[in-house]
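Text of data.tsv (TSV, C-alpha atoms and all ligand atoms) as supplied:
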chain	number	residue	atom	x	y	z
E	27	MET	CA	-2.23	16.28	-20.35
E	28	GLU	CA	0.93	17.76	-18.93
E	29	THR	CA	1.82	16.47	-15.46
E	30	GLN	CA	3.33	19.05	-13.12
E	31	ILE	CA	5.54	18.16	-10.17
E	32	ALA	CA	5.22	20.44	-7.16
E	33	THR	CA	7.90	20.57	-4.49
E	34	THR	CA	7.72	20.82	-0.72
E	35	ASP	CA	11.36	21.68	-0.10
E	36	SER	CA	10.78	25.05	1.58
E	37	GLU	CA	7.96	26.63	3.54
E	38	ILE	CA	7.12	29.01	0.67
E	39	ASN	CA	7.07	26.20	-1.89
E	40	THR	CA	4.99	23.99	0.38
E	41	ASN	CA	2.41	26.74	0.89
E	42	GLU	CA	2.08	27.20	-2.85
E	43	THR	CA	1.94	23.44	-3.44
E	44	VAL	CA	-0.76	22.96	-0.82
E	45	ARG	CA	-2.80	25.77	-2.38
E	46	GLN	CA	-2.45	24.27	-5.86
E	47	ALA	CA	-3.38	20.76	-4.68
E	48	VAL	CA	-6.45	21.98	-2.79
E	49	ALA	CA	-7.60	24.00	-5.82
E	50	LEU	CA	-7.36	20.91	-8.03
E	51	LEU	CA	-9.28	18.75	-5.53
E	52	GLN	CA	-11.96	21.45	-5.30
E	53	ALA	CA	-12.19	21.52	-9.08
E	54	GLY	CA	-12.87	17.77	-9.11
E	55	ASP	CA	-9.40	16.88	-10.36
E	56	LEU	CA	-6.71	14.42	-9.33
E	57	VAL	CA	-3.52	14.98	-7.34
E	58	ALA	CA	-0.83	12.43	-6.45
E	59	LEU	CA	0.16	12.93	-2.82
E	60	PRO	CA	2.81	11.51	-0.51
E	61	THR	CA	1.72	9.42	2.47
E	62	GLU	CA	3.87	7.64	5.05
E	63	THR	CA	3.16	4.33	3.26
E	64	VAL	CA	3.14	4.84	-0.51
E	65	TYR	CA	2.08	7.71	-2.78
E	66	GLY	CA	-1.69	8.01	-3.20
E	67	LEU	CA	-3.81	9.32	-6.06
E	68	ALA	CA	-6.38	11.61	-4.47
E	69	ALA	CA	-9.78	12.98	-5.48
E	70	ASP	CA	-12.77	14.44	-3.63
E	71	ALA	CA	-14.36	11.31	-2.12
E	72	LEU	CA	-17.85	12.81	-2.26
E	73	ASP	CA	-17.72	13.69	-5.96
E	74	PRO	CA	-18.35	10.62	-8.15
E	75	ALA	CA	-17.11	12.38	-11.29
E	76	ALA	CA	-13.80	13.14	-9.58
E	77	VAL	CA	-13.53	9.59	-8.24
E	78	GLU	CA	-14.20	8.20	-11.70
E	79	LYS	CA	-11.04	9.97	-12.89
E	80	ILE	CA	-9.01	7.84	-10.45
E	81	PHE	CA	-10.30	4.64	-12.03
E	82	ALA	CA	-9.63	6.02	-15.51
E	83	ALA	CA	-6.08	7.23	-14.75
E	84	LYS	CA	-5.09	3.94	-13.08
E	85	GLU	CA	-7.11	1.73	-15.46
E	86	ARG	CA	-8.46	0.18	-12.30
E	87	PRO	CA	-11.54	-2.08	-12.45
E	88	HIS	CA	-14.58	-0.60	-10.73
E	89	PHE	CA	-15.08	-3.55	-8.40
E	90	ASP	CA	-11.86	-2.62	-6.57
E	91	PRO	CA	-12.86	-0.09	-3.88
E	92	LEU	CA	-10.77	2.89	-2.73
E	93	ILE	CA	-9.49	3.96	0.67
E	94	VAL	CA	-11.02	7.15	2.05
E	95	HIS	CA	-8.63	9.47	3.87
E	96	VAL	CA	-9.91	11.69	6.65
E	97	HIS	CA	-8.10	14.61	8.26
E	98	HIS	CA	-9.21	13.95	11.82
E	99	LYS	CA	-10.24	10.94	13.95
E	100	ASP	CA	-13.74	12.30	14.40
E	101	ALA	CA	-14.19	12.71	10.66
E	102	LEU	CA	-14.35	8.90	10.59
E	103	TYR	CA	-17.98	9.20	11.67
E	104	GLU	CA	-18.77	11.35	8.63
E	105	VAL	CA	-17.90	8.50	6.29
E	106	ALA	CA	-18.59	5.35	8.35
E	107	GLU	CA	-21.25	4.05	10.73
E	108	VAL	CA	-19.50	2.53	13.70
E	109	PRO	CA	-21.67	-0.25	15.17
E	110	GLU	CA	-22.10	-0.07	18.94
E	111	GLU	CA	-20.70	-3.57	19.51
E	112	ILE	CA	-17.29	-2.69	18.05
E	113	ARG	CA	-17.20	1.00	18.92
E	114	LYS	CA	-14.79	0.65	21.85
E	115	THR	CA	-12.31	-1.29	19.78
E	116	VAL	CA	-12.53	1.19	16.92
E	117	VAL	CA	-11.88	4.08	19.29
E	118	LYS	CA	-8.89	2.30	20.85
E	119	LEU	CA	-7.43	1.45	17.47
E	120	THR	CA	-7.79	4.96	16.09
E	121	GLU	CA	-6.43	6.49	19.28
E	122	THR	CA	-3.43	4.20	19.15
E	123	PHE	CA	-2.62	4.06	15.46
E	124	TRP	CA	-4.04	7.22	13.87
E	125	PRO	CA	-2.65	9.15	12.22
E	126	GLY	CA	-0.78	6.18	10.78
E	127	PRO	CA	-0.75	3.14	8.49
E	128	LEU	CA	-3.91	1.37	9.69
E	129	THR	CA	-7.05	1.23	7.53
E	130	LEU	CA	-10.39	0.24	9.07
E	131	VAL	CA	-13.16	-1.35	7.03
E	132	LEU	CA	-16.50	-0.28	8.51
E	133	PRO	CA	-20.13	-0.02	7.42
E	134	ARG	CA	-20.37	2.97	5.10
E	135	ARG	CA	-22.50	6.04	5.42
E	136	ALA	CA	-24.82	6.86	2.58
E	137	THR	CA	-22.82	10.00	1.77
E	138	ILE	CA	-20.03	7.87	0.31
E	139	PRO	CA	-20.64	7.24	-3.39
E	140	ASP	CA	-20.99	3.64	-4.61
E	141	LEU	CA	-18.06	4.19	-6.89
E	142	VAL	CA	-15.72	4.59	-3.88
E	143	THR	CA	-16.83	1.35	-2.22
E	144	GLY	CA	-17.21	-0.74	-5.35
E	145	GLY	CA	-20.85	-1.18	-4.39
E	146	LEU	CA	-19.93	-2.79	-1.04
E	147	ASP	CA	-21.82	-1.74	2.08
E	148	THR	CA	-18.50	-1.05	3.81
E	149	VAL	CA	-15.92	1.69	3.41
E	150	ALA	CA	-12.16	1.59	4.07
E	151	VAL	CA	-10.93	4.60	6.08
E	152	ARG	CA	-7.61	5.87	7.32
E	153	GLN	CA	-5.84	8.99	8.54
E	154	THR	CA	-2.33	9.41	7.16
E	155	ASP	CA	0.34	11.07	9.25
E	156	HIS	CA	2.15	12.64	6.31
E	157	PRO	CA	2.36	16.37	7.16
E	158	VAL	CA	1.84	17.61	3.58
E	159	PHE	CA	-1.10	15.31	2.90
E	160	HIS	CA	-2.48	16.31	6.28
E	161	ARG	CA	-2.34	20.03	5.46
E	162	ILE	CA	-3.96	19.51	2.10
E	163	LEU	CA	-6.77	17.50	3.68
E	164	ARG	CA	-7.34	20.06	6.40
E	165	ASN	CA	-7.50	22.93	3.92
E	166	PHE	CA	-9.71	20.93	1.57
E	167	GLY	CA	-12.03	20.19	4.47
E	168	GLY	CA	-13.61	16.93	3.34
E	169	PRO	CA	-12.58	13.31	2.83
E	170	VAL	CA	-10.53	12.28	-0.20
E	171	ALA	CA	-10.41	8.89	-1.86
E	172	ALA	CA	-6.83	7.82	-2.53
E	173	PRO	CA	-5.62	4.44	-3.73
E	174	SER	CA	-1.92	3.89	-4.38
E	175	ALA	CA	-0.70	6.08	-7.26
E	176	ASN	CA	0.26	3.31	-9.66
E	177	MET	CA	-1.27	1.79	-12.76
E	178	PHE	CA	-3.54	-1.08	-11.70
E	179	GLY	CA	-1.59	-4.23	-10.88
E	180	GLN	CA	1.82	-2.59	-10.95
E	181	LEU	CA	4.31	-1.65	-8.24
E	182	SER	CA	3.21	0.88	-5.64
E	183	PRO	CA	5.25	4.10	-5.80
E	184	THR	CA	7.35	5.17	-2.82
E	185	SER	CA	8.78	8.31	-4.44
E	186	ALA	CA	7.46	11.09	-6.69
E	187	GLN	CA	9.67	9.80	-9.51
E	188	ALA	CA	8.05	6.37	-9.24
E	189	VAL	CA	4.67	8.08	-9.71
E	190	VAL	CA	6.01	9.96	-12.75
E	191	ASP	CA	7.14	6.64	-14.29
E	192	GLN	CA	3.60	5.29	-14.23
E	193	LEU	CA	1.21	8.24	-14.36
E	194	ASP	CA	3.03	10.93	-16.35
E	195	GLY	CA	0.59	12.54	-18.77
E	196	ARG	CA	-2.43	11.00	-17.01
E	197	ILE	CA	-2.83	13.37	-14.05
E	198	PRO	CA	-2.34	17.13	-13.61
E	199	LEU	CA	-0.18	17.22	-10.46
E	200	ILE	CA	2.24	15.17	-8.38
E	201	VAL	CA	3.21	16.59	-4.99
E	202	ASP	CA	6.78	15.58	-4.23
E	203	GLY	CA	7.07	14.89	-0.51
E	204	GLY	CA	10.23	12.80	-0.71
E	205	ALA	CA	10.58	9.09	-0.07
E	206	CYS	CA	7.83	7.34	1.89
E	207	GLY	CA	8.91	6.49	5.44
E	208	ARG	CA	7.07	3.15	5.67
E	209	GLY	CA	7.32	1.97	2.09
E	210	LEU	CA	4.48	-0.58	2.33
E	211	GLU	CA	0.74	0.04	2.12
E	212	SER	CA	-1.32	0.35	5.28
E	213	THR	CA	-2.54	-2.69	7.18
E	214	ILE	CA	-6.26	-3.18	6.45
E	215	VAL	CA	-8.48	-4.65	9.17
E	216	LYS	CA	-12.11	-5.46	9.79
E	217	ILE	CA	-13.45	-5.78	13.33
E	218	PHE	CA	-16.04	-8.24	14.61
E	219	PRO	CA	-17.47	-8.62	18.10
E	220	GLY	CA	-15.99	-11.89	19.39
E	221	GLU	CA	-17.12	-14.09	22.24
E	222	LYS	CA	-14.43	-13.16	24.74
E	223	LYS	CA	-12.44	-10.60	22.79
E	224	PRO	CA	-13.15	-8.62	19.65
E	225	ILE	CA	-11.85	-10.23	16.46
E	226	ILE	CA	-9.51	-8.21	14.29
E	227	GLU	CA	-9.35	-9.69	10.83
E	228	VAL	CA	-6.36	-8.57	8.78
E	229	LEU	CA	-7.45	-8.22	5.16
E	230	ARG	CA	-4.06	-6.91	4.01
E	231	PRO	CA	-0.88	-7.25	6.11
E	232	GLY	CA	1.21	-4.09	6.42
E	233	PRO	CA	3.31	-1.96	8.75
E	234	ILE	CA	0.96	-2.39	11.74
E	235	THR	CA	1.60	-6.01	12.64
E	236	GLU	CA	-0.07	-8.80	14.57
E	237	ILE	CA	2.02	-7.91	17.63
E	238	ASP	CA	0.73	-4.33	17.49
E	239	LEU	CA	-2.89	-5.42	17.04
E	240	LYS	CA	-3.20	-8.30	19.46
E	241	LYS	CA	-3.50	-6.02	22.47
E	242	PHE	CA	-6.88	-5.02	21.06
E	243	GLY	CA	-8.39	-8.36	20.12
E	244	LYS	CA	-7.89	-11.77	18.60
E	245	VAL	CA	-6.00	-11.31	15.34
E	246	VAL	CA	-6.92	-13.52	12.39
E	247	PHE	CA	-5.65	-13.33	8.83
E	248	ALA	CA	-8.05	-13.45	5.91
E	249	LYS	CA	-7.31	-16.43	3.69
E	250	ARG	CA	-5.60	-15.32	0.55
E	251	ASN	CA	-5.65	-18.41	-1.58
E	252	GLU	CA	-9.35	-18.46	-2.17
E	253	VAL	CA	-9.27	-15.22	-4.09
E	254	VAL	CA	-9.74	-15.51	-7.81
E	255	GLU	CA	-8.95	-12.92	-10.41
E	256	ASP	CA	-11.81	-10.92	-11.97
E	257	SER	CA	-14.28	-11.44	-9.17
E	258	ALA	CA	-15.00	-8.88	-6.51
E	259	PRO	CA	-12.92	-10.05	-3.54
E	260	GLU	CA	-13.33	-8.86	0.01
E	261	ALA	CA	-10.02	-6.99	-0.11
E	262	PRO	CA	-9.15	-6.82	-3.74
E	263	GLY	CA	-5.56	-6.04	-2.71
E	264	MET	CA	-5.63	-9.81	-2.51
E	265	LEU	CA	-5.94	-10.11	-6.26
E	266	GLN	CA	-3.38	-12.66	-7.29
E	267	SER	CA	-1.35	-10.64	-9.72
E	268	HIS	CA	-0.43	-7.35	-8.14
E	269	TYR	CA	2.66	-5.31	-7.40
E	270	ALA	CA	4.13	-6.68	-10.60
E	271	PRO	CA	7.37	-5.26	-11.96
E	272	HIS	CA	7.88	-5.40	-15.74
E	273	LYS	CA	10.52	-8.10	-15.35
E	274	PRO	CA	9.40	-11.51	-14.16
E	275	LEU	CA	9.96	-11.99	-10.45
E	276	ARG	CA	10.19	-15.38	-8.80
E	277	LEU	CA	10.01	-16.00	-5.07
E	278	LEU	CA	12.00	-19.04	-3.97
E	279	GLU	CA	11.00	-21.19	-1.02
E	280	ARG	CA	14.42	-22.88	-0.78
E	281	PRO	CA	17.77	-22.33	-2.55
E	282	GLU	CA	17.44	-25.75	-4.26
E	283	ASP	CA	14.40	-24.48	-6.13
E	284	PHE	CA	16.58	-22.37	-8.43
E	285	SER	CA	17.81	-23.82	-11.71
E	286	PRO	CA	19.16	-21.13	-14.03
E	287	GLU	CA	18.59	-21.22	-17.75
E	288	GLU	CA	21.65	-21.00	-19.97
E	289	GLY	CA	22.42	-17.44	-21.09
E	290	LYS	CA	19.77	-15.79	-18.93
E	291	ARG	CA	20.73	-12.92	-16.63
E	292	TYR	CA	19.42	-13.03	-13.08
E	293	ALA	CA	19.20	-10.55	-10.21
E	294	LEU	CA	18.97	-11.69	-6.61
E	295	LEU	CA	16.71	-9.86	-4.19
E	296	SER	CA	18.30	-10.80	-0.89
E	297	TYR	CA	17.00	-10.24	2.60
E	298	ARG	CA	20.21	-9.88	4.62
E	299	GLY	CA	22.89	-10.60	2.04
E	300	GLN	CA	24.37	-13.30	4.25
E	301	GLN	CA	26.34	-16.19	2.83
E	302	LYS	CA	24.84	-18.60	5.33
E	303	ASP	CA	21.33	-18.04	4.01
E	304	GLY	CA	22.43	-20.03	0.97
E	305	TYR	CA	21.25	-17.76	-1.83
E	306	LEU	CA	24.24	-15.47	-2.38
E	307	ASP	CA	26.57	-18.27	-3.51
E	308	LEU	CA	23.90	-20.14	-5.41
E	309	HIS	CA	24.69	-18.50	-8.73
E	310	GLU	CA	26.87	-15.82	-10.29
E	311	TRP	CA	24.19	-13.20	-10.03
E	312	ASP	CA	24.29	-10.32	-12.51
E	313	GLU	CA	22.82	-8.00	-9.87
E	314	ILE	CA	22.39	-8.36	-6.14
E	315	ALA	CA	20.13	-6.09	-4.09
E	316	ILE	CA	20.11	-6.45	-0.33
E	317	LEU	CA	17.06	-5.19	1.53
E	318	SER	CA	18.44	-5.14	5.06
E	319	PRO	CA	22.20	-5.71	5.07
E	320	GLY	CA	23.83	-7.35	8.08
E	321	SER	CA	21.65	-8.84	10.75
E	322	GLY	CA	18.45	-8.16	8.78
E	323	ARG	CA	15.43	-6.27	9.99
E	324	VAL	CA	12.12	-6.92	8.32
E	325	ALA	CA	10.93	-3.37	9.02
E	326	GLU	CA	13.89	-1.94	7.08
E	327	ALA	CA	13.36	-4.47	4.31
E	328	GLY	CA	9.72	-3.35	4.10
E	329	ILE	CA	10.66	0.29	3.73
E	330	ARG	CA	13.02	-0.49	0.86
E	331	LEU	CA	11.09	-3.27	-0.91
E	332	PHE	CA	9.22	-1.40	-3.68
E	333	HIS	CA	12.10	1.00	-4.25
E	334	VAL	CA	14.62	-1.82	-4.69
E	335	ILE	CA	12.35	-3.89	-6.94
E	336	ARG	CA	11.86	-0.80	-9.08
E	337	GLN	CA	15.65	-0.39	-9.38
E	338	LEU	CA	16.09	-4.03	-10.37
E	339	ASP	CA	13.34	-3.51	-12.92
E	340	PHE	CA	15.53	-0.86	-14.55
E	341	SER	CA	18.62	-3.10	-14.57
E	342	ASP	CA	19.38	-5.29	-17.58
E	343	VAL	CA	18.64	-8.67	-16.04
E	344	ASP	CA	16.02	-11.01	-17.48
E	345	GLU	CA	14.50	-12.16	-14.22
E	346	ILE	CA	14.44	-11.16	-10.55
E	347	ILE	CA	14.87	-14.02	-8.08
E	348	SER	CA	13.79	-13.33	-4.51
E	349	GLU	CA	14.81	-15.05	-1.31
E	350	PRO	CA	11.98	-15.84	1.10
E	351	PHE	CA	11.33	-13.62	4.13
E	352	PRO	CA	10.34	-14.56	7.67
E	353	ASP	CA	6.56	-14.92	7.83
E	354	ARG	CA	6.17	-12.66	10.86
E	355	GLY	CA	5.87	-8.97	11.65
E	356	VAL	CA	6.37	-6.80	8.59
E	357	GLY	CA	7.79	-9.91	6.90
E	358	LYS	CA	4.16	-11.06	6.42
E	359	ALA	CA	3.45	-7.99	4.30
E	360	ILE	CA	6.70	-8.42	2.35
E	361	LEU	CA	5.90	-12.06	1.58
E	362	ASP	CA	2.38	-11.08	0.56
E	363	LYS	CA	3.73	-8.55	-1.98
E	364	LEU	CA	6.41	-10.93	-3.28
E	365	ARG	CA	3.95	-13.78	-3.72
E	366	LYS	CA	1.63	-11.55	-5.71
E	367	ALA	CA	4.46	-10.03	-7.71
E	368	SER	CA	5.63	-13.53	-8.60
E	369	SER	CA	2.29	-15.01	-9.64
W	401	LIG	O1	-1.27	2.81	2.51
W	401	LIG	C1	-2.30	2.76	1.83
W	401	LIG	O2	-3.31	2.18	2.22
W	401	LIG	C2	-2.27	3.48	0.48
W	401	LIG	C3	-2.14	4.96	0.72
W	401	LIG	C4	-2.16	5.74	-0.56
W	401	LIG	O3	-3.14	5.38	1.60
W	401	LIG	N1	-3.45	3.19	-0.26
W	401	LIG	C5	-3.69	2.00	-0.84
W	401	LIG	O4	-4.84	1.97	-1.58
W	401	LIG	O5	-2.94	1.05	-0.74
W	401	LIG	P1	-5.17	0.84	-2.66
W	401	LIG	O6	-6.40	1.27	-3.33
W	401	LIG	O7	-4.00	0.60	-3.51
W	401	LIG	O8	-5.49	-0.39	-1.79
W	401	LIG	C6	-6.67	-0.36	-1.04
W	401	LIG	C7	-7.12	-1.73	-0.76
W	401	LIG	C8	-7.58	-2.43	-1.99
W	401	LIG	O9	-7.04	-3.72	-1.98
W	401	LIG	C9	-9.07	-2.46	-1.81
W	401	LIG	O10	-9.61	-3.55	-2.40
W	401	LIG	C10	-9.21	-2.50	-0.32
W	401	LIG	O11	-8.23	-1.64	0.12
W	401	LIG	N2	-10.50	-1.98	0.10
W	401	LIG	C11	-11.01	-0.76	-0.10
W	401	LIG	N3	-12.26	-0.67	0.38
W	401	LIG	C12	-12.55	-1.86	0.92
W	401	LIG	C13	-13.70	-2.41	1.57
W	401	LIG	N4	-14.80	-1.70	1.76
W	401	LIG	N5	-13.63	-3.68	2.00
W	401	LIG	C14	-12.53	-4.41	1.81
W	401	LIG	N6	-11.41	-3.97	1.19
W	401	LIG	C15	-11.43	-2.71	0.74
W	402	MG	MG	-2.69	-0.36	-4.64
Here is the file; what I need is its structure written in the form of structure tokens.
Amino acid sequence: METQIATTDSEINTNETVRQAVALLQAGDLVALPTETVYGLAADALDPAAVEKIFAAKERPHFDPLIVHVHHKDALYEVAEVPEEIRKTVVKLTETFWPGPLTLVLPRRATIPDLVTGGLDTVAVRQTDHPVFHRILRNFGGPVAAPSANMFGQLSPTSAQAVVDQLDGRIPLIVDGGACGRGLESTIVKIFPGEKKPIIEVLRPGPITEIDLKKFGKVVFAKRNEVVEDSAPEAPGMLQSHYAPHKPLRLLERPEDFSPEEGKRYALLSYRGQQKDGYLDLHEWDEIAILSPGSGRVAEAGIRLFHVIRQLDFSDVDEIISEPFPDRGVGKAILDKLRKASS
């Protein structure tokens, strides 16, 4: 199959691209689309044959369910049943964070095929705020299923070129919407009625952080260590090996943990690139990539993470060594990705 890349660099081109993407979705085919987080691989969520193509193209196991994207807040109710006891919280969360990088896991409606939910009785839903994706969804008219547009277990793509690297020849169309503004996948949450406050359980940390969420309930993080490979986990994004570059990547806890092997070439993935952090002068690195130069901002580091790891993957080092990141805010999501990439 020849993979076409469609541009969105002018109004005329965007119109044509939107038309082409909608036609493919209507025909039960796949389209890679830009979102504010990472590129997604979209298909008609209500057409099991179309959804099956996503699993085939990504070589993704069927137990790993997909995120359903809706074009409007109210369309949530077409795919999910919102229980009365959490309805207020759901409404507040969608009013605050949608369109945006927050995914809600809710009881599914029967219209959603089993294939989308991996047989679970819940469905993951979000509304992206990417303008091109939004137009395509609105013109298409129904929900689309769209996981990240990478081969299963590999790095999530934050540019059209990164999608080409992994899916060229496997899908008919990639819509190039430029670099993704957030660079990390959406935060996934599940909501429970609590005793005093609702409980918001974070299944996957992301751009919407604990500080953002705690106004709406008690925030708890799903335990990640209990998850074992090859079983159906609650949020299979928690699978241990994920986000893996081709080169081995190792996350250090402390500088002392690094002992280089003779003759091996190493790249350093640095948070702020500051001497005083103790990693820069640890070794004569063959490559150094700094995620947020200067004073260091985890949000900036998050935006650049996948892009920078991809670049180091293309360099001629043997191994990528990563500094640790602060375990707070977006840093939680960064650490989550690095831990999985390094296991
Ligand atoms: O930002 C994002 O969320 C991107 C863009 C493309 O929207 N999508 C994305 O999809 O990251 P994916 O498939 O790579 O990750 C979705 C995660 C998976 O870990 C999946 O297991 C989890 O969501 N998930 C989907 N449905 C679920 C459900 N019903 N319950 C728990 N976890 C679910
Ligand atoms: Mg993914």
Leaving out E:Lys222 and any residue of its chain fewer than 3 positions from it, which residues lie within 10 Å of it when counting all atoms listed in the file, given as a PDB file with C-alpha atoms, in the coordinates of the input?
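Ended up saving to out-v4.pdb:
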ATOM      1  CA  PRO E 219     -17.470  -8.620  18.100  1.00  0.00           C
ATOM      2  CA  ILE E 225     -11.850 -10.230  16.460  1.00  0.00           C
ATOM      3  CA  GLY E 243      -8.390  -8.360  20.120  1.00  0.00           C
ATOM      4  CA  LYS E 244      -7.890 -11.770  18.600  1.00  0.00           C
TER       5      LYS E 244
END
Sphere at (22.2, -9.5, -7.1), radius 10 Å, counting all atoms listed in the file: residues as a PDB file with C-alpha atoms, keeping the file's coordinate frame:
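Resulting contents of part.pdb:
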ATOM      1  CA  TYR E 292      19.420 -13.030 -13.080  1.00  0.00           C
ATOM      2  CA  ALA E 293      19.200 -10.550 -10.210  1.00  0.00           C
ATOM      3  CA  LEU E 294      18.970 -11.690  -6.610  1.00  0.00           C
ATOM      4  CA  LEU E 295      16.710  -9.860  -4.190  1.00  0.00           C
ATOM      5  CA  SER E 296      18.300 -10.800  -0.890  1.00  0.00           C
ATOM      6  CA  GLY E 299      22.890 -10.600   2.040  1.00  0.00           C
ATOM      7  CA  TYR E 305      21.250 -17.760  -1.830  1.00  0.00           C
ATOM      8  CA  LEU E 306      24.240 -15.470  -2.380  1.00  0.00           C
ATOM      9  CA  HIS E 309      24.690 -18.500  -8.730  1.00  0.00           C
ATOM     10  CA  GLU E 310      26.870 -15.820 -10.290  1.00  0.00           C
ATOM     11  CA  TRP E 311      24.190 -13.200 -10.030  1.00  0.00           C
ATOM     12  CA  ASP E 312      24.290 -10.320 -12.510  1.00  0.00           C
ATOM     13  CA  GLU E 313      22.820  -8.000  -9.870  1.00  0.00           C
ATOM     14  CA  ILE E 314      22.390  -8.360  -6.140  1.00  0.00           C
ATOM     15  CA  ALA E 315      20.130  -6.090  -4.090  1.00  0.00           C
ATOM     16  CA  ILE E 316      20.110  -6.450  -0.330  1.00  0.00           C
ATOM     17  CA  LEU E 338      16.090  -4.030 -10.370  1.00  0.00           C
ATOM     18  CA  VAL E 343      18.640  -8.670 -16.040  1.00  0.00           C
ATOM     19  CA  ILE E 346      14.440 -11.160 -10.550  1.00  0.00           C
ATOM     20  CA  ILE E 347      14.870 -14.020  -8.080  1.00  0.00           C
ATOM     21  CA  SER E 348      13.790 -13.330  -4.510  1.00  0.00           C
TER      22      SER E 348
END
Return as a Markdown table the residues of chain E lying at most 7 Å from ligand MG 402 (chain W), together with the closest atom-to-atom pair for each and the distance in Å to one decimal, counting all atoms listed in the file, with rows in chain order and ascending residue number.
| residue | atom | partner | partner_atom | distance |
| --- | --- | --- | --- | --- |
| E:Pro173 | CA | W:MG402 | MG | 5.7 |
| E:Ser174 | CA | W:MG402 | MG | 4.3 |
| E:Asn176 | CA | W:MG402 | MG | 6.9 |
| E:Ser182 | CA | W:MG402 | MG | 6.1 |
| E:Gly263 | CA | W:MG402 | MG | 6.7 |
Q.
Give me the residues near E:Asn165 as a ChimeraX atom specification, where near means some atom within 9 Å (using only C-alpha atoms) and where sequence neighbours in that chain fewer than 4 positions away do not count.
A. /E:44-45,48,160-161
Report task. For the point (-25.9, 10.8, 6.0) in the file's frame, write as a PyMOL selection string all residues with an atom no more than 10 Å away, counting all atoms listed in the file. Result -> chain E and resi 103-107+134-138
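Residue nearest ligand LIG 401 (chain W), chosen from E:Asp155, E:Glu282, E:Asp342, E:Asp353 and counting all atoms listed in the file: E:Asp155.
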request  = Skip E:Ser318 itself and residues of its chain fewer than 4 positions away, then list as a ChimeraX atom specification all residues within 7 Å of it, counting all atoms listed in the file.
outcome  = /E:297-298,322-323,326-327
Using only C-alpha atoms and all ligand atoms, the best pick from E:Thr43, E:Ser212, E:Thr34, E:Ser185 as closest to ligand LIG 401 (chain W) would be E:Ser212
Taking 5 positions as the minimum chain separation for residues in the same chain, which residues sit within 9 Å of E:Leu181 when counting only C-alpha atoms? Answer as an mmCIF file with C-alpha atoms, in the coordinates of the input.
data_model
loop_
_atom_site.group_PDB
_atom_site.id
_atom_site.type_symbol
_atom_site.label_atom_id
_atom_site.label_comp_id
_atom_site.auth_asym_id
_atom_site.auth_seq_id
_atom_site.Cartn_x
_atom_site.Cartn_y
_atom_site.Cartn_z
ATOM 1 C CA ASN E 176 0.260 3.310 -9.660
ATOM 2 C CA ALA E 188 8.050 6.370 -9.240
ATOM 3 C CA HIS E 268 -0.430 -7.350 -8.140
ATOM 4 C CA TYR E 269 2.660 -5.310 -7.400
ATOM 5 C CA ALA E 270 4.130 -6.680 -10.600
ATOM 6 C CA PRO E 271 7.370 -5.260 -11.960
ATOM 7 C CA PHE E 332 9.220 -1.400 -3.680
ATOM 8 C CA ILE E 335 12.350 -3.890 -6.940
ATOM 9 C CA ARG E 336 11.860 -0.800 -9.080
ATOM 10 C CA ALA E 367 4.460 -10.030 -7.710
#
- Task: Select, from E:Gln300, E:Gln180, E:Thr235, E:Ser368, the residue with the minimum atom-to-atom distance to E:Arg86, counting only C-alpha atoms.
- Result: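 Using only C-alpha atoms, E:Arg86 sits closest to E:Gln180.
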Note to self: Need the shell around E:Ala71: protein/DNA/RNA residues with any atom at most 6 Å away, counting only C-alpha atoms. Skip same-chain ones fewer than 6 positions apart. Format as a PyMOL selection string?
What the structure shows: chain E and resi 169-171
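Here atom CA of E:Pro233 and atom CA of E:Arg276 stand 23.1 Å from one another.
Across the model, the gap from atom C2 of ligand LIG 401 (chain W) to atom CA of E:Ser321 is 28.8 Å.
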Next on the checklist: With distances taken over only C-alpha atoms, which residue among E:Glu110, E:Glu78, E:Asp55, E:Asp194 lies nearest E:Glu28?
Outcome noted: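 Distance minimum relative to E:Glu28 lands on E:Asp194.
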Stretch 275-290 of chain E: axis-aligned bounding box, 4 Å on each side, centre and edge lengths in Å, one decimal, as lines of an AutoDock Vina configuration file:
center_x = 16.2
center_y = -18.9
center_z = -10.9
size_x = 20.5
size_y = 21.8
size_z = 28.3
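For the choices E:Pro319, E:Gly54, E:Gly126, E:Gly66, the atom-to-atom distance to ligand LIG 401 (chain W) is smallest for E:Gly66 when using only C-alpha atoms and all ligand atoms.
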Min atom-atom distance to E:Val131 from the set E:Phe284, E:Phe218, E:Phe159, E:Phe242, counting only C-alpha atoms, belongs to E:Phe218
Completion of stretch 275-280 of chain E up to N, CA and C atoms, as a CSV table (one decimal), in the coordinates of the input:
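Saved file part_9.csv follows:
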chain,number,residue,atom,x,y,z
E,275,LEU,N,9.4,-11.9,-11.8
E,275,LEU,CA,10.0,-12.0,-10.4
E,275,LEU,C,9.5,-13.4,-9.9
E,276,ARG,N,10.5,-14.1,-9.3
E,276,ARG,CA,10.2,-15.4,-8.8
E,276,ARG,C,10.6,-15.5,-7.3
E,277,LEU,N,9.7,-15.9,-6.5
E,277,LEU,CA,10.0,-16.0,-5.1
E,277,LEU,C,10.4,-17.5,-4.8
E,278,LEU,N,11.6,-17.7,-4.3
E,278,LEU,CA,12.0,-19.0,-4.0
E,278,LEU,C,11.6,-19.4,-2.6
E,279,GLU,N,11.3,-20.7,-2.4
E,279,GLU,CA,11.0,-21.2,-1.0
E,279,GLU,C,12.3,-21.7,-0.4
E,280,ARG,N,13.1,-22.3,-1.2
E,280,ARG,CA,14.4,-22.9,-0.8
E,280,ARG,C,15.4,-22.6,-1.9
